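Remarks on the structure that follows.
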Amino acid sequence: MNAGEMPVTDSDILNKIASELVCKLSLKLPTDDPVVANDCCIYERQELVTNSDGDSMEYRSCSQIKRVIDLLLSSGKIDDKYIKGSSVNDAQEKDTNTQNYSTIRTKAEGGDVDSMVELAELYLSGKGVDKDEKAAYRWFEKASEQECQTGIARVGDCLFAGIGVEQDYQEGYQTLIESASEEGGEK
C-alpha cells in the first residue's frame with residue numbers, strides 16, 4: 001500500500017463485486033430474476049421486457065448470479081446505491097469513462113489484469129469509447145491468459161453468445177465451467 005492510500009476492506013471488495021453485477025438498465029442489483037444477455041451483461045429479466053424497443057435481446061437465466069447477489073445482500077455491507085439504484089447521470093458517467101480510458105488502457109497494456117477487464121467492459125458497453133466487441137473480447141482473452149477468473153468467465157460468456165468472436169456454444173460452456181470450478185481467490 002502506498003502512502004496516503006486507504007486500506008481495502010471487506011466492504012470495499014463486496015461493493016466492487018456488487019458494482020460488476022448491477023443491471024445496466026435499472027442501475028441496481030438484479031435481485032428478482034437476473035439474466036445474462038447476448039451482450040454479456042447482467043440484467044433484471046423484467047427490465048429487458050419493459051425497456052424493449054421492439055428489438056429482441058436473447059438472454060439466459062443464471063442461478064449462480066442470483067446466489068452471489070443473495071450472498072452479497074445478506075452480508076449487510078453493500079452500499080444502498082447498488083440496492084436502490086444509482087442516480088448517476090449518464091453524461092457524467094460518460095465523461096468519467098472518457099477521462100479514465102487512457103489511464104485504464106495504459107495500465108492494461110502494462111499487464112494489470114483488472115484494467116484489462118475494465119477496458120474490455122468499456123469496449124463492450126461503448127461507454128467513454130467507441131463500442132468494439134472484438135476489442136472487448138481480445139482484452140478479456142488477455143486477462144484470461146493471466147489466470148484472471150473474471151477474464152476467463154467473460155471469455156466464456158462471449159464465446160457462448162458470439163460477442164466479438166464466432167459463437168461457439170461448446171467452447172463457451174466449457175470455459176464457463178472452468179471459471180466456475182476454479183478454486184481460490186479472484187485475480
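Order determines the names: the first chain of the C-alpha cells is A, the second B, and so forth; residues in each chain are numbered 1 upward, and ligands are numbered 1 upward as they are shown.
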
Practice prompt. Apply DSSP to the backbone of this structure and, from range 4-172 of chain A, keep only the residues in alpha helix (DSSP H); write these as an MDAnalysis selection string.
Written response: chainID A and resid 10:21 45:50 63:75 80:84 90:109 113:125 133:145 149:161 169:172

Practice prompt. Name all residues at most 12 Å from range 133-149 of chain A (count only C-alpha atoms; drop same-chain ones fewer than 3 positions away) and give them as a count of residues only.
Written response: 55

Discussion item. Could you tell me how far CA of Gly128 in chain A sits from CA of Cys23 in chain A, in Å to one decimal place?
Written reply: 18.3 Å

Give me the residues of range 24-44 of chain A that have any atom at most 9 Å from an atom of range 67-77 of chain A; for each, the nearest atom pair and the distance in Å, rounded to one decimal. Use only C-alpha atoms, sort by chain and number, and format it as CSV.
```
residue,atom,partner,partner_atom,distance
A:Leu29,CA,A:Ile69,CA,7.3
A:Pro30,CA,A:Ile69,CA,7.8
A:Thr31,CA,A:Ile69,CA,6.7
```

Take the residues that were just selected and, keeping C-alpha atoms, output them as a PDB file, in the first residue's frame.
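Once everything was written out, this is part-v5.pdb:
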```
ATOM      1  CA  LEU A  29     -28.575  -5.311  -8.403  1.00  0.00           C
ATOM      2  CA  PRO A  30     -30.978  -7.627 -10.242  1.00  0.00           C
ATOM      3  CA  THR A  31     -32.387  -9.282  -7.127  1.00  0.00           C
TER       4      THR A  31
END
```

Worksheet item: What is the CA of Asp10 in chain A-CA of Ala37 in chain A distance in Å, reported with one decimal?
Response: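 So the answer is 29.2 Å.
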
Item to complete: Assign secondary structure with DSSP using the backbone only, and return the residues of range 2-187 of chain A in strand (DSSP E or B) as an MDAnalysis selection string.
Response: chainID A and resid 34:37 42:44 59:61

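In this model, the gap between CA of Cys41 in chain A and CA of Arg60 in chain A comes to 10.8 Å.
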
Worksheet item: Using only C-alpha atoms, which of A:Gln174, A:Thr150, A:Ser26, A:Ser19 sits nearest Leu48 in chain A?
Response: A:Ser26

Worksheet entry | 10 Å contact set for Asp12 in chain A, only C-alpha atoms, chain neighbours under 6 positions out, as JSON, numbers by chain | {"A": [18, 77, 78, 79]}
